[in-house]
>>> print(open('structure-v5.csv').read())   # CSV, C-alpha atoms
chain,number,residue,atom,x,y,z
S,1383,MET,CA,2.1,-16.4,-28.6
S,1384,ASP,CA,-1.0,-14.9,-30.2
S,1385,SER,CA,-2.2,-11.3,-29.6
S,1386,GLU,CA,-4.4,-12.2,-26.7
S,1387,SER,CA,-1.7,-13.9,-24.7
S,1388,VAL,CA,0.8,-11.2,-25.4
S,1389,LYS,CA,-1.7,-8.7,-24.1
S,1390,LYS,CA,-2.4,-10.7,-21.0
S,1391,ALA,CA,1.4,-11.1,-20.3
S,1392,VAL,CA,1.9,-7.4,-20.6
S,1393,ILE,CA,-1.0,-6.6,-18.2
S,1394,LYS,CA,0.2,-9.2,-15.7
S,1395,GLN,CA,3.7,-7.8,-15.7
S,1396,VAL,CA,2.6,-4.2,-15.3
S,1397,LEU,CA,0.3,-5.2,-12.4
S,1398,ILE,CA,3.1,-7.0,-10.6
S,1399,GLU,CA,5.4,-4.1,-11.0
S,1400,SER,CA,3.0,-1.4,-9.9
S,1401,ASN,CA,1.6,-3.4,-7.0
S,1402,THR,CA,5.1,-4.1,-5.8
S,1403,ALA,CA,6.0,-0.5,-6.0
S,1404,ASN,CA,2.9,0.5,-4.1
S,1405,ALA,CA,3.7,-2.0,-1.3
S,1406,ARG,CA,7.2,-0.7,-1.1
S,1407,GLN,CA,6.0,2.8,-0.8
S,1408,LEU,CA,3.7,1.9,2.0
S,1409,ILE,CA,6.5,0.4,4.1
S,1410,GLU,CA,9.5,2.5,3.4
S,1411,ALA,CA,10.1,6.2,2.7
S,1412,PRO,CA,11.1,6.7,-0.9
S,1413,ARG,CA,14.7,7.9,-1.1
S,1414,THR,CA,13.8,10.7,-3.3
S,1415,ARG,CA,11.3,12.2,-0.8
S,1416,ALA,CA,12.9,12.2,2.5
S,1417,ALA,CA,10.0,14.0,4.2
S,1418,SER,CA,7.5,11.3,3.7
S,1419,ALA,CA,7.7,8.7,6.4
S,1420,LYS,CA,5.7,5.5,6.1
S,1421,ILE,CA,5.0,2.5,8.3
S,1422,ASN,CA,8.6,2.0,9.3
S,1423,GLU,CA,9.2,5.5,10.4
S,1424,ASN,CA,5.7,6.1,11.9
S,1425,CYS,CA,5.6,2.9,13.9
S,1426,PHE,CA,9.2,3.1,15.0
S,1427,GLU,CA,8.3,6.6,16.3
S,1428,LYS,CA,5.3,5.2,18.2
S,1429,CYS,CA,6.6,1.9,19.4
S,1430,ILE,CA,10.2,2.5,20.2
S,1431,PRO,CA,10.3,5.7,22.1
S,1432,LYS,CA,13.5,4.8,24.0
S,1433,PRO,CA,15.5,2.2,22.0
S,1434,GLY,CA,16.9,-0.4,24.4
S,1435,SER,CA,19.5,-3.1,23.8
S,1436,SER,CA,16.9,-5.2,22.0
S,1437,VAL,CA,13.2,-5.0,20.8
S,1438,SER,CA,11.1,-6.1,23.8
S,1439,ALA,CA,8.0,-8.3,23.5
S,1440,GLY,CA,5.8,-5.3,24.3
S,1441,GLU,CA,7.4,-3.3,21.5
S,1442,LYS,CA,7.0,-6.2,19.1
S,1443,ALA,CA,3.3,-6.4,19.9
S,1444,CYS,CA,3.0,-2.6,19.5
S,1445,ILE,CA,4.7,-2.8,16.0
S,1446,THR,CA,2.2,-5.5,14.8
S,1447,ASN,CA,-0.8,-3.4,16.1
S,1448,CYS,CA,0.7,-0.3,14.6
S,1449,MET,CA,1.2,-1.8,11.2
S,1450,GLU,CA,-2.4,-3.1,11.0
S,1451,LYS,CA,-3.7,0.2,12.3
S,1452,TYR,CA,-1.6,2.1,9.7
S,1453,MET,CA,-3.0,0.0,6.9
S,1454,ALA,CA,-6.5,0.6,8.1
S,1455,ALA,CA,-5.8,4.3,8.1
S,1456,TRP,CA,-4.4,4.0,4.5
S,1457,ASN,CA,-7.6,2.3,3.3
S,1458,LEU,CA,-9.7,4.9,5.0
S,1459,VAL,CA,-7.7,7.8,3.6
S,1460,ASN,CA,-7.8,6.2,0.1
S,1461,THR,CA,-11.6,5.9,0.2
S,1462,ALA,CA,-12.0,9.5,1.5
S,1463,TYR,CA,-9.6,10.8,-1.2
S,1464,VAL,CA,-11.2,9.0,-4.1
S,1465,ARG,CA,-14.7,10.1,-2.9
S,1466,ARG,CA,-13.6,13.7,-2.8
S,1467,ILE,CA,-11.9,13.6,-6.2
S,1468,GLN,CA,-15.1,12.1,-7.7
S,1469,GLN,CA,-17.1,14.8,-6.0
S,1470,GLU,CA,-14.8,17.5,-7.4
S,1471,VAL,CA,-15.0,16.0,-10.9
S,1472,ASN,CA,-18.8,16.1,-10.7
S,1473,ASN,CA,-18.6,19.7,-9.7
S,1474,ASN,CA,-16.2,20.5,-12.6
S,1475,SER,CA,-13.7,21.9,-10.0
S,1476,PHE,CA,-10.8,21.1,-12.3
S,1477,GLU,CA,-12.0,23.3,-15.1
S,1478,THR,CA,-10.2,26.6,-15.2
A,663,MET,CA,12.2,-6.4,-16.8
A,664,ASP,CA,10.4,-9.5,-17.9
A,665,ALA,CA,12.5,-11.3,-20.4
A,666,SER,CA,9.6,-13.4,-21.6
A,667,ILE,CA,8.0,-10.5,-23.5
A,668,GLU,CA,10.0,-9.7,-26.6
A,669,GLN,CA,9.7,-7.0,-29.1
A,670,SER,CA,8.7,-9.6,-31.6
A,671,ASP,CA,5.8,-10.6,-29.3
A,672,LEU,CA,4.6,-7.0,-29.1
A,673,ASP,CA,4.6,-6.8,-32.9
A,674,ARG,CA,2.0,-9.6,-32.9
A,675,LEU,CA,-0.5,-7.4,-31.0
A,676,SER,CA,-3.7,-6.7,-32.9
A,677,ASP,CA,-4.8,-3.0,-33.2
A,678,LYS,CA,-7.8,-3.8,-30.9
A,679,ASP,CA,-5.5,-5.3,-28.2
A,680,LYS,CA,-3.1,-2.3,-28.6
A,681,GLY,CA,-5.9,0.0,-27.9
A,682,GLU,CA,-7.0,-2.0,-24.9
A,683,LEU,CA,-3.4,-2.0,-23.6
A,684,ARG,CA,-3.2,1.8,-24.0
A,685,GLN,CA,-6.4,2.2,-22.0
A,686,PHE,CA,-5.1,-0.2,-19.4
A,687,MET,CA,-1.8,1.8,-19.1
A,688,THR,CA,-3.7,5.1,-18.7
A,689,ASN,CA,-5.9,3.6,-15.9
A,690,GLU,CA,-2.8,2.1,-14.2
A,691,GLN,CA,-1.0,5.5,-14.3
A,692,GLN,CA,-4.0,7.1,-12.7
A,693,ARG,CA,-4.2,4.4,-10.0
A,694,THR,CA,-0.5,4.9,-9.3
A,695,ARG,CA,-0.9,8.7,-8.9
A,696,ILE,CA,-3.9,8.2,-6.5
A,697,GLN,CA,-2.0,5.6,-4.5
A,698,SER,CA,1.1,7.9,-4.2
A,699,GLN,CA,-1.1,10.7,-3.0
A,700,THR,CA,-2.8,8.4,-0.5
A,701,HIS,CA,0.6,7.5,0.9
A,702,ALA,CA,1.4,11.2,1.4
A,703,LEU,CA,-2.0,11.9,2.9
A,704,THR,CA,-1.9,8.9,5.2
A,705,ASP,CA,1.4,10.1,6.5
A,706,ILE,CA,0.2,13.6,7.1
A,707,CYS,CA,-3.1,12.6,8.7
A,708,TRP,CA,-1.7,9.8,10.8
A,709,LYS,CA,0.6,12.3,12.5
A,710,LYS,CA,-2.4,14.6,13.2
A,711,CYS,CA,-5.1,12.1,14.1
A,712,VAL,CA,-3.3,9.2,15.9
A,713,PRO,CA,-1.3,11.1,18.5
A,714,GLY,CA,-1.3,8.7,21.4
A,715,ALA,CA,0.3,5.3,22.0
A,716,VAL,CA,-0.9,2.4,19.9
A,717,LYS,CA,-3.1,0.2,22.1
A,718,ASN,CA,-4.7,-2.1,19.6
A,719,ASN,CA,-4.8,-2.8,15.9
A,720,ALA,CA,-8.0,-0.9,15.1
A,721,LEU,CA,-8.8,2.8,14.6
A,722,ASP,CA,-11.3,4.1,17.1
A,723,SER,CA,-14.3,6.2,15.9
A,724,GLY,CA,-12.7,9.5,16.8
A,725,GLU,CA,-9.6,8.6,14.8
A,726,GLN,CA,-11.7,7.5,11.9
A,727,SER,CA,-13.6,10.7,11.6
A,728,CYS,CA,-10.5,12.7,12.2
A,729,LEU,CA,-8.8,10.9,9.2
A,730,ALA,CA,-11.7,11.5,6.9
A,731,ASN,CA,-11.9,15.2,8.0
A,732,CYS,CA,-8.2,15.5,7.6
A,733,VAL,CA,-8.3,14.4,3.9
A,734,ASP,CA,-11.2,16.8,3.2
A,735,ARG,CA,-9.7,19.8,4.9
A,736,PHE,CA,-6.3,19.1,3.3
A,737,LEU,CA,-8.0,19.2,-0.1
A,738,ASP,CA,-9.9,22.3,0.9
A,739,VAL,CA,-6.6,24.0,1.6
A,740,ASN,CA,-5.3,22.7,-1.8
A,741,PHE,CA,-8.3,24.1,-3.7
A,742,THR,CA,-8.2,27.4,-1.8
A,743,THR,CA,-4.5,27.8,-2.6
A,744,MET,CA,-5.1,27.1,-6.3
A,745,LYS,CA,-8.0,29.5,-6.5
A,746,HIS,CA,-6.0,32.2,-4.7
A,747,LEU,CA,-3.1,31.7,-7.1
A,748,ALA,CA,-5.4,31.9,-10.1
A,749,ASN,CA,-6.9,35.2,-8.8
A,750,MET,CA,-3.4,36.6,-8.3
A,751,ARG,CA,-2.4,35.7,-11.8
A,752,ASN,CA,-5.6,37.5,-13.2
A,753,GLN,CA,-4.9,40.7,-11.3
>>> encode(input="structure-v5.csv", output="structure tokens")
Amino acid sequence: MDSESVKKAVIKQVLIESNTANARQLIEAPRTRAASAKINENCFEKCIPKPGSSVSAGEKACITNCMEKYMAAWNLVNTAYVRRIQQEVNNNSFET
Amino acid sequence: MDASIEQSDLDRLSDKDKGELRQFMTNEQQRTRIQSQTHALTDICWKKCVPGAVKNNALDSGEQSCLANCVDRFLDVNFTTMKHLANMRNQ
């Protein structure tokens, strides 16, 4: 392998690992931070208020809707957060 | 993790590519930090702004503005706390 293909291989591997870690964090609460609940916990809370002997069709539909809605919320929060950080950087808020 | 990249391959990197990789890693670390913070904020703001039952797969306009406000107010609190702590330290 030449330098260029080694570089590309490293970049590809890093992207795969960080994107997988991000997706995992979205779905499940990291074991190290018990307080942060993600899609699983939040949508379980919303869609299965009284657990029955199986997941009903209505509960399944709710879970699908909830997942998509949670991801929309994630994207919106990410945009708002990045915008605010950029604004604070422009205002030199991080200088002490 | 990936067995296909060996130490001997890394030794073949040119100085220019090493520099580019270093920059790439710095950017990735920042992206990871922002995404982690987004996970935490989404969790906090979801609980505040989406209180009712889930009726469809989209956020209504009230929920959308609440989420955006939630992020801004959370960061306001964050900055206020940091400023207050800095003042206490200087007293």
>>> atom_distance(input="structure-v5.csv", atom1="CA of Glu1427 in chain S", atom2="CA of Val716 in chain A")
10.7 Å
>>> residues_near_point(input="structure-v5.csv", point="(-7.3, 0.1, 18.8)", cutoff="12 Å", atoms="all atoms listed in the file", output="JSON, numbers by chain")
{"S": [1444, 1446, 1447, 1448, 1449, 1450, 1451, 1452, 1454, 1455], "A": [712, 714, 715, 716, 717, 718, 719, 720, 721, 722, 723, 724, 725, 726]}
>>> interface_residues(input="structure-v5.csv", of="chain S", to="chain A", cutoff="8 Å", atoms="all atoms listed in the file", output="PyMOL selection string")
chain S and resi 1383-1386+1388-1389+1391-1393+1395+1400+1404+1407-1408+1418-1420+1424+1428-1429+1444+1446-1452+1454-1456+1458-1460+1462-1464+1466
>>> atom_distance(input="structure-v5.csv", atom1="CA of Phe1476 in chain S", atom2="CA of Arg684 in chain A")
23.8 Å
>>> atom_distance(input="structure-v5.csv", atom1="CA of Lys1394 in chain S", atom2="CA of Asn1457 in chain S")
23.5 Å
>>> axis_aligned_box(input="structure-v5.csv", around="range 693-708 of chain A", padding_each_side="5 Å", output="lines of an AutoDock Vina configuration file")
center_x = -1.4
center_y = 9.0
center_z = 0.4
size_x = 15.6
size_y = 19.2
size_z = 30.8
>>> decode(input="structure-v5.csv", residues="range 1427-1444 of chain S", atoms="N, CA and C atoms", output="CSV table (one decimal), in the first residue's frame")
chain,number,residue,atom,x,y,z
S,1427,GLU,N,-41.0,4.2,27.6
S,1427,GLU,CA,-41.8,5.0,28.6
S,1427,GLU,C,-43.1,5.5,27.9
S,1428,LYS,N,-43.0,6.0,26.7
S,1428,LYS,CA,-44.1,6.6,26.0
S,1428,LYS,C,-45.1,5.6,25.5
S,1429,CYS,N,-44.6,4.5,25.0
S,1429,CYS,CA,-45.5,3.6,24.2
S,1429,CYS,C,-45.9,2.4,24.9
S,1430,ILE,N,-45.2,2.0,26.0
S,1430,ILE,CA,-45.6,0.9,26.8
S,1430,ILE,C,-45.9,1.3,28.2
S,1431,PRO,N,-47.0,2.1,28.4
S,1431,PRO,CA,-47.3,2.6,29.8
S,1431,PRO,C,-47.7,1.4,30.7
S,1432,LYS,N,-48.4,0.4,30.2
S,1432,LYS,CA,-48.8,-0.7,31.0
S,1432,LYS,C,-48.4,-2.0,30.3
S,1433,PRO,N,-47.2,-2.6,30.6
S,1433,PRO,CA,-46.8,-3.7,29.8
S,1433,PRO,C,-47.8,-4.9,29.9
S,1434,GLY,N,-48.2,-5.4,28.8
S,1434,GLY,CA,-49.1,-6.5,28.7
S,1434,GLY,C,-48.4,-7.8,28.5
S,1435,SER,N,-49.1,-8.8,28.1
S,1435,SER,CA,-48.5,-10.1,27.9
S,1435,SER,C,-47.7,-10.2,26.6
S,1436,SER,N,-48.0,-9.2,25.7
S,1436,SER,CA,-47.2,-9.1,24.4
S,1436,SER,C,-47.2,-7.6,24.0
S,1437,VAL,N,-46.4,-7.3,23.0
S,1437,VAL,CA,-46.5,-5.9,22.4
S,1437,VAL,C,-47.6,-5.8,21.4
S,1438,SER,N,-48.6,-5.0,21.7
S,1438,SER,CA,-49.8,-4.9,20.8
S,1438,SER,C,-49.4,-4.2,19.5
S,1439,ALA,N,-50.3,-4.3,18.5
S,1439,ALA,CA,-50.1,-3.6,17.2
S,1439,ALA,C,-50.0,-2.1,17.4
S,1440,GLY,N,-50.9,-1.6,18.2
S,1440,GLY,CA,-50.9,-0.2,18.5
S,1440,GLY,C,-49.6,0.3,19.2
S,1441,GLU,N,-49.1,-0.5,20.1
S,1441,GLU,CA,-47.8,-0.2,20.7
S,1441,GLU,C,-46.7,-0.2,19.7
S,1442,LYS,N,-46.7,-1.2,18.8
S,1442,LYS,CA,-45.7,-1.3,17.8
S,1442,LYS,C,-45.7,-0.1,16.9
S,1443,ALA,N,-46.9,0.4,16.5
S,1443,ALA,CA,-47.0,1.6,15.6
S,1443,ALA,C,-46.5,2.8,16.4
S,1444,CYS,N,-46.8,2.8,17.7
S,1444,CYS,CA,-46.3,4.0,18.5
S,1444,CYS,C,-44.8,4.0,18.6
